$ cat work-v5.cif   # mmCIF, C-alpha atoms
data_data
loop_
_atom_site.group_PDB
_atom_site.id
_atom_site.type_symbol
_atom_site.label_atom_id
_atom_site.label_comp_id
_atom_site.auth_asym_id
_atom_site.auth_seq_id
_atom_site.Cartn_x
_atom_site.Cartn_y
_atom_site.Cartn_z
ATOM 1 C CA MET A 1 -12.719 -34.006 8.312
ATOM 2 C CA ASN A 2 -12.902 -31.598 11.228
ATOM 3 C CA ASP A 3 -11.146 -28.757 9.459
ATOM 4 C CA THR A 4 -12.442 -25.295 10.205
ATOM 5 C CA VAL A 5 -11.721 -21.998 8.469
ATOM 6 C CA GLY A 6 -8.763 -20.233 10.104
ATOM 7 C CA ILE A 7 -9.012 -16.673 11.439
ATOM 8 C CA VAL A 8 -6.292 -14.005 11.187
ATOM 9 C CA ILE A 9 -6.521 -10.689 13.041
ATOM 10 C CA VAL A 10 -4.465 -7.758 11.720
ATOM 11 C CA SER A 11 -4.387 -4.512 13.656
ATOM 12 C CA HIS A 12 -2.086 -1.478 13.627
ATOM 13 C CA SER A 13 -1.567 -2.309 17.305
ATOM 14 C CA ARG A 14 -0.250 -5.695 18.358
ATOM 15 C CA ASP A 15 -2.067 -5.229 21.675
ATOM 16 C CA ILE A 16 -5.419 -4.832 19.930
ATOM 17 C CA ALA A 17 -4.729 -7.839 17.708
ATOM 18 C CA LYS A 18 -3.725 -9.972 20.685
ATOM 19 C CA GLY A 19 -6.669 -8.805 22.789
ATOM 20 C CA THR A 20 -9.065 -9.613 19.950
ATOM 21 C CA ALA A 21 -7.531 -13.078 19.572
ATOM 22 C CA ASP A 22 -7.882 -13.608 23.349
ATOM 23 C CA MET A 23 -11.578 -12.726 23.149
ATOM 24 C CA VAL A 24 -12.101 -15.115 20.268
ATOM 25 C CA ARG A 25 -10.414 -17.959 22.129
ATOM 26 C CA GLN A 26 -12.437 -17.322 25.276
ATOM 27 C CA MET A 27 -15.777 -16.936 23.506
ATOM 28 C CA VAL A 28 -15.397 -19.525 20.762
ATOM 29 C CA GLY A 29 -12.861 -21.965 22.145
ATOM 30 C CA THR A 30 -9.735 -23.372 20.632
ATOM 31 C CA GLU A 31 -11.057 -25.573 17.833
ATOM 32 C CA VAL A 32 -10.618 -22.687 15.374
ATOM 33 C CA ARG A 33 -7.064 -21.722 14.477
ATOM 34 C CA VAL A 34 -6.550 -18.047 15.293
ATOM 35 C CA ALA A 35 -3.403 -16.077 14.470
ATOM 36 C CA PHE A 36 -2.795 -12.372 14.949
ATOM 37 C CA CYS A 37 -0.246 -9.681 14.192
ATOM 38 C CA GLY A 38 0.179 -5.944 14.570
ATOM 39 C CA GLY A 39 2.872 -3.306 14.332
ATOM 40 C CA ASN A 40 5.055 -1.969 11.545
ATOM 41 C CA PRO A 41 8.484 -3.434 10.683
ATOM 42 C CA ASP A 42 10.060 -1.298 13.446
ATOM 43 C CA GLY A 43 7.540 -2.421 16.043
ATOM 44 C CA GLY A 44 5.603 0.869 16.108
ATOM 45 C CA LEU A 45 1.937 1.258 15.164
ATOM 46 C CA GLY A 46 1.266 -0.046 11.671
ATOM 47 C CA THR A 47 1.126 -3.292 9.779
ATOM 48 C CA ASN A 48 3.709 -5.491 8.166
ATOM 49 C CA VAL A 49 3.223 -7.629 5.077
ATOM 50 C CA SER A 50 5.657 -10.358 6.108
ATOM 51 C CA LEU A 51 4.046 -10.747 9.562
ATOM 52 C CA ILE A 52 0.610 -10.929 7.923
ATOM 53 C CA MET A 53 1.856 -13.664 5.585
ATOM 54 C CA GLU A 54 3.245 -15.568 8.581
ATOM 55 C CA ALA A 55 -0.038 -15.232 10.460
ATOM 56 C CA ILE A 56 -2.020 -16.525 7.460
ATOM 57 C CA ASN A 57 0.294 -19.496 7.158
ATOM 58 C CA ASP A 58 0.056 -20.113 10.941
ATOM 59 C CA ALA A 59 -3.736 -20.139 10.840
ATOM 60 C CA TRP A 60 -3.784 -22.149 7.620
ATOM 61 C CA SER A 61 -6.594 -24.594 7.032
ATOM 62 C CA PRO A 62 -7.527 -26.476 3.854
ATOM 63 C CA LYS A 63 -10.897 -24.698 4.139
ATOM 64 C CA GLY A 64 -9.190 -21.330 3.930
ATOM 65 C CA VAL A 65 -8.499 -18.307 6.114
ATOM 66 C CA ALA A 66 -10.611 -15.234 6.882
ATOM 67 C CA VAL A 67 -8.632 -12.060 7.707
ATOM 68 C CA LEU A 68 -10.101 -9.336 9.930
ATOM 69 C CA VAL A 69 -8.440 -5.893 9.802
ATOM 70 C CA ASP A 70 -8.824 -2.567 11.571
ATOM 71 C CA LEU A 71 -8.007 0.441 9.359
ATOM 72 C CA GLY A 72 -6.866 1.390 5.838
ATOM 73 C CA GLY A 73 -3.249 0.259 5.811
ATOM 74 C CA ALA A 74 -4.101 -3.017 7.526
ATOM 75 C CA GLU A 75 -6.494 -3.812 4.695
ATOM 76 C CA THR A 76 -4.124 -2.754 1.910
ATOM 77 C CA ASN A 77 -1.207 -4.622 3.453
ATOM 78 C CA SER A 78 -3.365 -7.716 4.017
ATOM 79 C CA GLU A 79 -4.454 -7.726 0.379
ATOM 80 C CA MET A 80 -0.816 -7.384 -0.628
ATOM 81 C CA ALA A 81 0.152 -10.259 1.679
ATOM 82 C CA VAL A 82 -2.524 -12.494 0.142
ATOM 83 C CA GLU A 83 -1.155 -11.812 -3.335
ATOM 84 C CA MET A 84 2.339 -12.738 -2.202
ATOM 85 C CA LEU A 85 1.301 -16.134 -0.807
ATOM 86 C CA GLN A 86 2.001 -19.368 -2.680
ATOM 87 C CA PRO A 87 -0.358 -19.391 -5.695
ATOM 88 C CA GLU A 88 -2.367 -22.387 -4.446
ATOM 89 C CA ARG A 89 -3.210 -20.563 -1.210
ATOM 90 C CA ARG A 90 -4.159 -17.159 -2.620
ATOM 91 C CA ASN A 91 -7.703 -18.035 -3.619
ATOM 92 C CA LEU A 92 -8.435 -19.517 -0.202
ATOM 93 C CA VAL A 93 -7.904 -16.310 1.780
ATOM 94 C CA VAL A 94 -10.406 -13.462 2.091
ATOM 95 C CA VAL A 95 -10.025 -10.055 3.732
ATOM 96 C CA CYS A 96 -13.387 -9.335 5.385
ATOM 97 C CA ASN A 97 -15.068 -5.938 5.296
ATOM 98 C CA ALA A 98 -16.116 -6.079 8.939
ATOM 99 C CA PRO A 99 -15.322 -4.468 12.298
ATOM 100 C CA ILE A 100 -12.271 -6.193 13.721
ATOM 101 C CA VAL A 101 -13.446 -7.354 17.154
ATOM 102 C CA GLU A 102 -17.064 -8.232 16.399
ATOM 103 C CA GLY A 103 -16.070 -9.559 12.978
ATOM 104 C CA ALA A 104 -13.427 -11.861 14.431
ATOM 105 C CA VAL A 105 -15.800 -13.262 17.065
ATOM 106 C CA MET A 106 -18.634 -13.785 14.563
ATOM 107 C CA ALA A 107 -16.327 -15.272 11.931
ATOM 108 C CA ALA A 108 -14.769 -17.664 14.441
ATOM 109 C CA THR A 109 -18.190 -18.690 15.765
ATOM 110 C CA GLU A 110 -19.337 -19.474 12.258
ATOM 111 C CA ALA A 111 -16.071 -21.235 11.437
ATOM 112 C CA ALA A 112 -16.351 -23.407 14.560
ATOM 113 C CA GLY A 113 -19.549 -24.883 13.157
ATOM 114 C CA GLY A 114 -17.668 -26.146 10.140
ATOM 115 C CA SER A 115 -18.948 -23.505 7.708
ATOM 116 C CA SER A 116 -17.291 -22.710 4.389
ATOM 117 C CA LEU A 117 -15.034 -19.688 3.864
ATOM 118 C CA ASP A 118 -17.827 -17.894 1.979
ATOM 119 C CA GLN A 119 -20.258 -18.462 4.852
ATOM 120 C CA VAL A 120 -17.720 -17.256 7.419
ATOM 121 C CA ARG A 121 -17.050 -14.122 5.412
ATOM 122 C CA ALA A 122 -20.765 -13.446 4.882
ATOM 123 C CA VAL A 123 -21.515 -13.639 8.609
ATOM 124 C CA ALA A 124 -18.664 -11.248 9.448
ATOM 125 C CA GLU A 125 -19.630 -8.813 6.710
ATOM 126 C CA GLU A 126 -23.287 -8.724 7.765
ATOM 127 C CA LEU A 127 -22.036 -6.592 10.653
ATOM 128 C CA SER A 128 -21.055 -3.873 8.180
ATOM 129 C CA ALA A 129 -24.260 -4.086 6.166
ATOM 130 C CA GLY A 130 -26.537 -2.309 8.641
ATOM 131 C CA MET B 131 22.193 7.712 -8.747
ATOM 132 C CA LEU B 132 18.630 8.541 -9.612
ATOM 133 C CA VAL B 133 17.295 6.070 -7.068
ATOM 134 C CA LYS B 134 19.692 7.359 -4.436
ATOM 135 C CA ALA B 135 18.643 10.967 -5.051
ATOM 136 C CA ALA B 136 14.945 10.108 -4.916
ATOM 137 C CA ALA B 137 15.308 8.077 -1.725
ATOM 138 C CA GLU B 138 17.359 10.809 -0.065
ATOM 139 C CA GLN B 139 14.749 13.423 -0.965
ATOM 140 C CA VAL B 140 11.960 11.328 0.551
ATOM 141 C CA ILE B 141 13.999 10.862 3.713
ATOM 142 C CA ALA B 142 14.834 14.590 3.875
ATOM 143 C CA ASN B 143 11.147 15.469 3.481
ATOM 144 C CA ALA B 144 9.901 12.944 6.036
ATOM 145 C CA PRO B 145 9.160 15.578 8.721
ATOM 146 C CA GLU B 146 7.017 17.588 6.297
ATOM 147 C CA LEU B 147 5.142 14.473 5.163
ATOM 148 C CA THR B 148 4.488 13.541 8.770
ATOM 149 C CA ALA B 149 3.248 17.063 9.548
ATOM 150 C CA LEU B 150 0.777 16.877 6.643
ATOM 151 C CA ASP B 151 -0.338 13.433 7.769
ATOM 152 C CA GLN B 152 -0.818 14.631 11.344
ATOM 153 C CA ALA B 153 -3.262 17.209 9.996
ATOM 154 C CA ILE B 154 -5.527 14.786 8.116
ATOM 155 C CA GLY B 155 -4.232 11.245 8.644
ATOM 156 C CA ASP B 156 -2.592 9.214 11.350
ATOM 157 C CA GLY B 157 0.765 10.997 11.314
ATOM 158 C CA ASP B 158 2.986 8.186 10.142
ATOM 159 C CA HIS B 159 3.434 8.866 6.426
ATOM 160 C CA GLY B 160 6.837 10.514 6.834
ATOM 161 C CA SER B 161 8.306 7.883 9.116
ATOM 162 C CA ASN B 162 6.819 5.064 7.008
ATOM 163 C CA MET B 163 8.229 6.447 3.767
ATOM 164 C CA LYS B 164 11.569 7.118 5.464
ATOM 165 C CA ARG B 165 11.804 3.515 6.649
ATOM 166 C CA GLY B 166 10.899 2.229 3.172
ATOM 167 C CA PHE B 167 13.377 4.370 1.310
ATOM 168 C CA GLU B 168 16.145 3.727 3.828
ATOM 169 C CA ALA B 169 15.631 0.047 3.005
ATOM 170 C CA VAL B 170 15.881 0.949 -0.705
ATOM 171 C CA LEU B 171 19.136 2.830 -0.027
ATOM 172 C CA GLY B 172 20.441 -0.316 1.658
ATOM 173 C CA LYS B 173 19.964 -2.200 -1.595
ATOM 174 C CA LEU B 174 21.647 0.312 -3.928
ATOM 175 C CA ASP B 175 24.500 -2.042 -4.834
ATOM 176 C CA ALA B 176 22.133 -4.871 -5.702
ATOM 177 C CA LEU B 177 19.881 -2.476 -7.624
ATOM 178 C CA GLY B 178 22.813 -1.185 -9.641
ATOM 179 C CA ALA B 179 23.615 -4.706 -10.773
ATOM 180 C CA GLN B 180 20.063 -5.379 -12.008
ATOM 181 C CA PRO B 181 18.506 -4.411 -15.338
ATOM 182 C CA LEU B 182 16.095 -1.487 -14.870
ATOM 183 C CA ASP B 183 12.904 -3.552 -14.996
ATOM 184 C CA GLU B 184 14.171 -5.895 -12.302
ATOM 185 C CA ALA B 185 15.458 -2.980 -10.247
ATOM 186 C CA LEU B 186 12.018 -1.345 -10.297
ATOM 187 C CA LYS B 187 10.450 -4.571 -9.077
ATOM 188 C CA THR B 188 13.036 -4.879 -6.308
ATOM 189 C CA ILE B 189 12.284 -1.305 -5.206
ATOM 190 C CA GLY B 190 8.554 -2.095 -5.209
ATOM 191 C CA LYS B 191 8.932 -5.249 -3.199
ATOM 192 C CA THR B 192 11.240 -3.526 -0.722
ATOM 193 C CA LEU B 193 8.657 -0.789 -0.138
ATOM 194 C CA VAL B 194 5.869 -3.342 0.286
ATOM 195 C CA MET B 195 7.829 -5.202 2.922
ATOM 196 C CA THR B 196 9.175 -2.242 4.889
ATOM 197 C CA VAL B 197 6.864 0.790 4.775
ATOM 198 C CA GLY B 198 4.260 -0.538 7.189
ATOM 199 C CA GLY B 199 1.326 1.621 6.041
ATOM 200 C CA ALA B 200 -0.996 1.640 3.049
ATOM 201 C CA SER B 201 1.575 3.642 1.108
ATOM 202 C CA GLY B 202 3.826 0.533 1.051
ATOM 203 C CA PRO B 203 1.537 -1.551 -1.142
ATOM 204 C CA LEU B 204 0.499 1.556 -3.100
ATOM 205 C CA TYR B 205 4.001 2.727 -4.033
ATOM 206 C CA GLY B 206 5.147 -0.887 -4.144
ATOM 207 C CA SER B 207 2.479 -1.724 -6.700
ATOM 208 C CA PHE B 208 3.499 1.293 -8.766
ATOM 209 C CA PHE B 209 7.127 0.185 -9.018
ATOM 210 C CA MET B 210 6.329 -3.512 -9.503
ATOM 211 C CA ALA B 211 3.813 -2.786 -12.274
ATOM 212 C CA ALA B 212 6.142 -0.275 -13.931
ATOM 213 C CA GLY B 213 8.927 -2.879 -13.826
ATOM 214 C CA ASP B 214 6.635 -5.449 -15.437
ATOM 215 C CA ALA B 215 5.557 -2.990 -18.117
ATOM 216 C CA LEU B 216 9.124 -1.959 -18.909
ATOM 217 C CA ARG B 217 10.145 -5.386 -20.181
ATOM 218 C CA GLY B 218 10.600 -5.156 -23.941
ATOM 219 C CA LYS B 219 9.942 -1.418 -23.924
ATOM 220 C CA ARG B 220 12.338 1.454 -24.520
ATOM 221 C CA LEU B 221 12.968 4.634 -22.610
ATOM 222 C CA PRO B 222 12.301 7.456 -23.018
ATOM 223 C CA GLU B 223 9.997 6.537 -25.947
ATOM 224 C CA ASP B 224 7.674 4.326 -23.911
ATOM 225 C CA LEU B 225 7.872 6.269 -20.638
ATOM 226 C CA ALA B 226 4.210 7.311 -20.605
ATOM 227 C CA GLU B 227 3.059 3.741 -21.183
ATOM 228 C CA VAL B 228 5.317 2.340 -18.441
ATOM 229 C CA PHE B 229 4.319 5.098 -16.003
ATOM 230 C CA GLY B 230 0.681 4.513 -16.910
ATOM 231 C CA HIS B 231 0.919 0.865 -15.879
ATOM 232 C CA GLY B 232 2.273 1.976 -12.529
ATOM 233 C CA VAL B 233 -0.523 4.500 -12.030
ATOM 234 C CA GLY B 234 -3.098 1.883 -13.010
ATOM 235 C CA ALA B 235 -1.720 -0.473 -10.375
ATOM 236 C CA VAL B 236 -1.983 2.214 -7.668
ATOM 237 C CA SER B 237 -5.563 2.910 -8.687
ATOM 238 C CA ALA B 238 -6.437 -0.799 -8.600
ATOM 239 C CA ARG B 239 -4.674 -1.445 -5.298
ATOM 240 C CA GLY B 240 -6.377 1.496 -3.598
ATOM 241 C CA ARG B 241 -9.664 0.982 -5.496
ATOM 242 C CA SER B 242 -9.449 4.713 -6.023
ATOM 243 C CA GLN B 243 -9.753 7.264 -8.806
ATOM 244 C CA ALA B 244 -8.655 10.859 -9.374
ATOM 245 C CA GLY B 245 -10.402 13.543 -7.306
ATOM 246 C CA GLN B 246 -10.420 11.644 -4.000
ATOM 247 C CA LYS B 247 -7.505 13.580 -2.467
ATOM 248 C CA THR B 248 -4.831 10.921 -2.826
ATOM 249 C CA MET B 249 -1.478 10.403 -4.543
ATOM 250 C CA LEU B 250 -3.457 9.654 -7.702
ATOM 251 C CA ASP B 251 -4.290 13.356 -7.923
ATOM 252 C CA VAL B 252 -0.610 13.877 -8.709
ATOM 253 C CA LEU B 253 0.042 10.665 -10.640
ATOM 254 C CA PHE B 254 -2.826 11.028 -13.146
ATOM 255 C CA PRO B 255 -1.994 14.641 -14.149
ATOM 256 C CA VAL B 256 1.691 13.718 -14.497
ATOM 257 C CA LEU B 257 0.724 10.759 -16.687
ATOM 258 C CA GLU B 258 -1.267 13.133 -18.860
ATOM 259 C CA THR B 259 1.728 15.449 -19.165
ATOM 260 C CA LEU B 260 3.958 12.511 -20.103
ATOM 261 C CA GLN B 261 1.459 11.557 -22.805
ATOM 262 C CA THR B 262 0.812 15.003 -24.244
ATOM 263 C CA ALA B 263 4.278 16.505 -23.945
ATOM 264 C CA ALA B 264 6.325 13.421 -24.878
ATOM 265 C CA GLY B 265 9.440 14.330 -26.808
ATOM 266 C CA ARG B 266 9.272 18.032 -26.022
ATOM 267 C CA PRO B 267 12.513 19.624 -24.872
ATOM 268 C CA ASP B 268 10.825 21.071 -21.794
ATOM 269 C CA LEU B 269 9.178 17.806 -20.700
ATOM 270 C CA ILE B 270 11.071 17.625 -17.412
ATOM 271 C CA GLU B 271 10.058 21.140 -16.419
ATOM 272 C CA ARG B 272 6.451 20.421 -17.401
ATOM 273 C CA VAL B 273 6.384 17.316 -15.214
ATOM 274 C CA ARG B 274 7.803 19.269 -12.291
ATOM 275 C CA VAL B 275 5.223 22.044 -12.619
ATOM 276 C CA THR B 276 2.378 19.561 -13.156
ATOM 277 C CA ALA B 277 3.285 17.739 -9.954
ATOM 278 C CA SER B 278 3.514 20.921 -7.838
ATOM 279 C CA ASP B 279 0.265 22.322 -9.232
ATOM 280 C CA ALA B 280 -1.444 18.990 -8.644
ATOM 281 C CA VAL B 281 -0.453 18.932 -4.969
ATOM 282 C CA ALA B 282 -1.844 22.447 -4.559
ATOM 283 C CA ARG B 283 -5.123 21.290 -6.110
ATOM 284 C CA THR B 284 -5.533 18.639 -3.396
ATOM 285 C CA VAL B 285 -5.773 21.378 -0.719
ATOM 286 C CA PRO B 286 -9.445 22.302 -1.334
ATOM 287 C CA MET B 287 -10.462 18.690 -2.039
ATOM 288 C CA GLN B 288 -12.504 16.676 0.425
ATOM 289 C CA ALA B 289 -11.022 13.229 0.925
ATOM 290 C CA THR B 290 -13.229 10.275 0.060
ATOM 291 C CA LYS B 291 -10.515 7.594 0.203
ATOM 292 C CA GLY B 292 -7.918 6.691 2.748
ATOM 293 C CA ARG B 293 -7.578 7.738 6.358
ATOM 294 C CA ALA B 294 -8.374 11.382 5.629
ATOM 295 C CA SER B 295 -11.865 10.416 4.455
ATOM 296 C CA PHE B 296 -12.856 9.834 8.100
ATOM 297 C CA LEU B 297 -12.476 13.581 8.599
ATOM 298 C CA GLY B 298 -15.043 14.438 5.919
ATOM 299 C CA VAL B 299 -15.147 18.194 5.334
ATOM 300 C CA ARG B 300 -12.397 18.695 7.892
ATOM 301 C CA SER B 301 -9.939 17.225 5.370
ATOM 302 C CA VAL B 302 -10.474 20.355 3.247
ATOM 303 C CA GLY B 303 -7.719 22.957 3.540
ATOM 304 C CA HIS B 304 -4.741 20.620 3.808
ATOM 305 C CA ALA B 305 -2.547 19.185 1.056
ATOM 306 C CA ASP B 306 -2.709 15.407 0.808
ATOM 307 C CA PRO B 307 0.409 13.739 2.259
ATOM 308 C CA GLY B 308 0.441 10.987 -0.398
ATOM 309 C CA ALA B 309 0.151 13.588 -3.156
ATOM 310 C CA GLN B 310 3.047 15.463 -1.577
ATOM 311 C CA SER B 311 5.272 12.379 -1.309
ATOM 312 C CA SER B 312 4.576 11.599 -4.981
ATOM 313 C CA CYS B 313 5.565 15.148 -5.832
ATOM 314 C CA VAL B 314 8.788 14.853 -3.795
ATOM 315 C CA LEU B 315 9.710 11.667 -5.668
ATOM 316 C CA LEU B 316 8.878 13.122 -9.077
ATOM 317 C CA HIS B 317 10.820 16.325 -8.403
ATOM 318 C CA ALA B 318 13.827 14.306 -7.274
ATOM 319 C CA VAL B 319 13.707 12.262 -10.475
ATOM 320 C CA CYS B 320 13.323 15.429 -12.595
ATOM 321 C CA ASN B 321 16.245 17.144 -10.861
ATOM 322 C CA SER B 322 18.409 14.090 -11.205
ATOM 323 C CA LEU B 323 17.653 13.668 -14.922
ATOM 324 C CA GLU B 324 18.333 17.343 -15.511
ATOM 325 C CA ALA B 325 21.680 17.116 -13.753
ATOM 326 C CA GLN B 326 22.631 14.236 -16.047
ATOM 327 C CA GLN B 327 21.918 16.266 -19.198
#
$ encode --input "work-v5.cif" --output "C-alpha cells"
Amino acid sequence: MNDTVGIVIVSHSRDIAKGTADMVRQMVGTEVRVAFCGGNPDGGLGTNVSLIMEAINDAWSPKGVAVLVDLGGAETNSEMAVEMLQPERRNLVVVCNAPIVEGAVMAATEAAGGSSLDQVRAVAEELSAG
Amino acid sequence: MLVKAAAEQVIANAPELTALDQAIGDGDHGSNMKRGFEAVLGKLDALGAQPLDEALKTIGKTLVMTVGGASGPLYGSFFMAAGDALRGKRLPEDLAEVFGHGVGAVSARGRSQAGQKTMLDVLFPVLETLQTAAGRPDLIERVRVTASDAVARTVPMQATKGRASFLGVRSVGHADPGAQSSCVLLHAVCNSLEAQQ
C-alpha cells in the first residue's frame, strides 16, 4: 500500500493554481497526486464547482484528498463541490484552512510520507495557527 | 413567469451589483449573478414542467454550477433547501417556514449570522416579516419595504464575513452587494406576485 493523500489546489486564477501545483511537483516530487483548477465557468477569475469536483476525482486516493483554496468563494465552492461528490467520497475530502501556496507544499510533503488525511490537514493548518 | 421576472431583474441590475462589489469586494458579484440567472433563464421550459419544489432545487443547482463566486453556493443552498422544505407543505400558508429553511441553509453555508454585512441582513428581517405579518393583506408591501430598509441598514455596518471583511472599517459606508442582490430578487418576486393579483 503506497497510497498517499491527494492534493487539490483551487484558486480564483488558473495561473496561480497551476503555478502552485508546479511548485509542489518540483519541491515534493510526483509520488503525490496533485490536481488544480481555477477560473469561473466563463474562464474569468473565479471558481467553478464542476471543475473542483473533477480535480478532486483526478487527485483521488483511497486515503482521501486535501483541498487548498485561496479566497472566500474558492472555499465556499469547494465545500459545495465536496457535498456534491458521490456519498462514499464525501467524508474523505477536507478543505484546509491554510494559505494556498505554503499549505499545498506542506500538505504534499506530509502526504508524501504516507501520513493520514487528518495529519496532512493538521500540518497545513498549523500555518494559519500562528 | 415569476422566475423569469426575477432572473431578468438580477440581470438588469448586474452593473449596480458590480459597482457595489467594486467598492468593498472583488467586483464580480454583478457578472457572477448575471451568468447564474442567464443559466436559469435557459432552463425556463424545464422549470415550468417541474413541480415547484423540484423547480426550486433545479434553480439552486443551476446557480451553484454557474455563478462562479461564493454567491453561487449561498443562493444555491437557499433554493435547494427551500425546495426540500416545500415538499408536503402548502403555499402561502407555510411560506415563512419554507423561506426560513432557505435562510438557515445560507447561514450554515456561509457560517454567518445577521449583523455581519451580508445577504443575511436582508434575509433574516424578511423572514421575520413573513412570520409576523403572515396572512395580512399588505404582506407583499411589507416584505418590499423590509428588504429595502434592510439594505440601507447594511451601509453603516462593518463587514466581518466575506470579502468585504478584509477591508475592516473601510467597508463602512457602502451597501453590501449580496444584501442588494437579495433585495433585487425579493422586489422582483413581490412585483410579480402583485401583478398576478
$ closest_atom_pairs --input "work-v5.cif" --of "chain A" --to "chain B" --cutoff "9 Å" --atoms "all atoms listed in the file" --output "JSON lines"
{"residue": "A:His12", "atom": "CA", "partner": "B:Gly199", "partner_atom": "CA", "distance": 8.9}
{"residue": "A:Gly39", "atom": "CA", "partner": "B:Gly198", "partner_atom": "CA", "distance": 7.8}
{"residue": "A:Asn40", "atom": "CA", "partner": "B:Gly198", "partner_atom": "CA", "distance": 4.7}
{"residue": "A:Pro41", "atom": "CA", "partner": "B:Thr196", "partner_atom": "CA", "distance": 6.0}
{"residue": "A:Asp42", "atom": "CA", "partner": "B:Arg165", "partner_atom": "CA", "distance": 8.5}
{"residue": "A:Leu45", "atom": "CA", "partner": "B:Gly198", "partner_atom": "CA", "distance": 8.5}
{"residue": "A:Gly46", "atom": "CA", "partner": "B:Gly198", "partner_atom": "CA", "distance": 5.4}
{"residue": "A:Thr47", "atom": "CA", "partner": "B:Gly198", "partner_atom": "CA", "distance": 4.9}
{"residue": "A:Asn48", "atom": "CA", "partner": "B:Gly198", "partner_atom": "CA", "distance": 5.1}
{"residue": "A:Val49", "atom": "CA", "partner": "B:Met195", "partner_atom": "CA", "distance": 5.6}
{"residue": "A:Ser50", "atom": "CA", "partner": "B:Met195", "partner_atom": "CA", "distance": 6.4}
{"residue": "A:Leu71", "atom": "CA", "partner": "B:Arg293", "partner_atom": "CA", "distance": 7.9}
{"residue": "A:Gly72", "atom": "CA", "partner": "B:Gly292", "partner_atom": "CA", "distance": 6.2}
{"residue": "A:Gly73", "atom": "CA", "partner": "B:Ala200", "partner_atom": "CA", "distance": 3.8}
{"residue": "A:Ala74", "atom": "CA", "partner": "B:Ala200", "partner_atom": "CA", "distance": 7.2}
{"residue": "A:Glu75", "atom": "CA", "partner": "B:Ala200", "partner_atom": "CA", "distance": 7.9}
{"residue": "A:Thr76", "atom": "CA", "partner": "B:Ala200", "partner_atom": "CA", "distance": 5.5}
{"residue": "A:Asn77", "atom": "CA", "partner": "B:Pro203", "partner_atom": "CA", "distance": 6.2}
{"residue": "A:Glu79", "atom": "CA", "partner": "B:Arg239", "partner_atom": "CA", "distance": 8.5}
{"residue": "A:Met80", "atom": "CA", "partner": "B:Pro203", "partner_atom": "CA", "distance": 6.3}
$ residues_near_point --input "work-v5.cif" --point "(-3.5, -11.1, 4.6)" --cutoff "7 Å" --atoms "only C-alpha atoms" --output "list in words"
Ile52, Met53, Ile56, Val67, Asn77, Ser78, Glu79, Met80, Ala81, Val82 and Val95 of chain A
$ resolve_selection --input "work-v5.cif" --expression "the PyMOL selection byres ((chain B and resi 260-272) around 12)" --output "count of residues only"
36
$ resolve_selection --input "work-v5.cif" --expression "the PyMOL selection byres ((chain A and resi 59) around 8)" --output "mmCIF file with C-alpha atoms, keeping the file's coordinate frame"
data_model
loop_
_atom_site.group_PDB
_atom_site.id
_atom_site.type_symbol
_atom_site.label_atom_id
_atom_site.label_comp_id
_atom_site.auth_asym_id
_atom_site.auth_seq_id
_atom_site.Cartn_x
_atom_site.Cartn_y
_atom_site.Cartn_z
ATOM 1 C CA GLY A 6 -8.763 -20.233 10.104
ATOM 2 C CA ILE A 7 -9.012 -16.673 11.439
ATOM 3 C CA VAL A 8 -6.292 -14.005 11.187
ATOM 4 C CA ARG A 33 -7.064 -21.722 14.477
ATOM 5 C CA VAL A 34 -6.550 -18.047 15.293
ATOM 6 C CA ALA A 35 -3.403 -16.077 14.470
ATOM 7 C CA ALA A 55 -0.038 -15.232 10.460
ATOM 8 C CA ILE A 56 -2.020 -16.525 7.460
ATOM 9 C CA ASN A 57 0.294 -19.496 7.158
ATOM 10 C CA ASP A 58 0.056 -20.113 10.941
ATOM 11 C CA TRP A 60 -3.784 -22.149 7.620
ATOM 12 C CA SER A 61 -6.594 -24.594 7.032
ATOM 13 C CA VAL A 65 -8.499 -18.307 6.114
#
$ residues_near_point --input "work-v5.cif" --point "(-6.4, 11.9, -8.3)" --cutoff "12 Å" --atoms "only C-alpha atoms" --output "JSON, numbers by chain"
{"B": [233, 234, 236, 237, 240, 241, 242, 243, 244, 245, 246, 247, 248, 249, 250, 251, 252, 253, 254, 255, 256, 257, 258, 277, 280, 281, 283, 284, 287, 288, 289, 290, 291, 306, 308, 309, 312]}
$ atom_distance --input "work-v5.cif" --atom1 "CA of Leu171 in chain B" --atom2 "CA of Leu186 in chain B"
13.2 Å
$ atom_distance --input "work-v5.cif" --atom1 "CA of Ala142 in chain B" --atom2 "CA of Leu193 in chain B"
17.1 Å
$ resolve_selection --input "work-v5.cif" --expression "the PyMOL selection byres ((chain B and resi 304) around 9)" --output "list in words"
Leu150, Ala153, Ile154, Thr284, Val285, Pro286, Met287, Arg300, Ser301, Val302, Gly303, Ala305, Asp306 and Pro307 of chain B
$ atom_distance --input "work-v5.cif" --atom1 "CA of Thr4 in chain A" --atom2 "CA of Val28 in chain A"
12.4 Å
$ residues_around --input "work-v5.cif" --residues "range 14-27 of chain A" --least-positions-apart "6" --cutoff "6 Å" --atoms "all atoms listed in the file" --output "list in words"
Phe36, Cys37, Gly38, Gly39, Val101 and Val105 of chain A
$ residues_around --input "work-v5.cif" --residues "Asp3 in chain A" --least-positions-apart "5" --cutoff "8 Å" --atoms "all atoms listed in the file" --output "PyMOL selection string"
chain A and resi 61-63+114
$ closest_residue --input "work-v5.cif" --among "A:Arg90, A:Gly29, A:Glu126, A:Gln119" --to "Glu102 in chain A" --atoms "all atoms listed in the file"
A:Glu126
$ axis_aligned_box --input "work-v5.cif" --around "range 188-195 of chain B" --padding-each-side "4 Å" --output "lines of an AutoDock Vina configuration file"
center_x = 9.5
center_y = -3.0
center_z = -1.7
size_x = 15.2
size_y = 12.5
size_z = 17.2
$ residues_around --input "work-v5.cif" --residues "Ala112 in chain A" --least-positions-apart "3" --cutoff "6 Å" --atoms "only C-alpha atoms" --output "JSON, numbers by chain"
{"A": [32, 108, 109]}
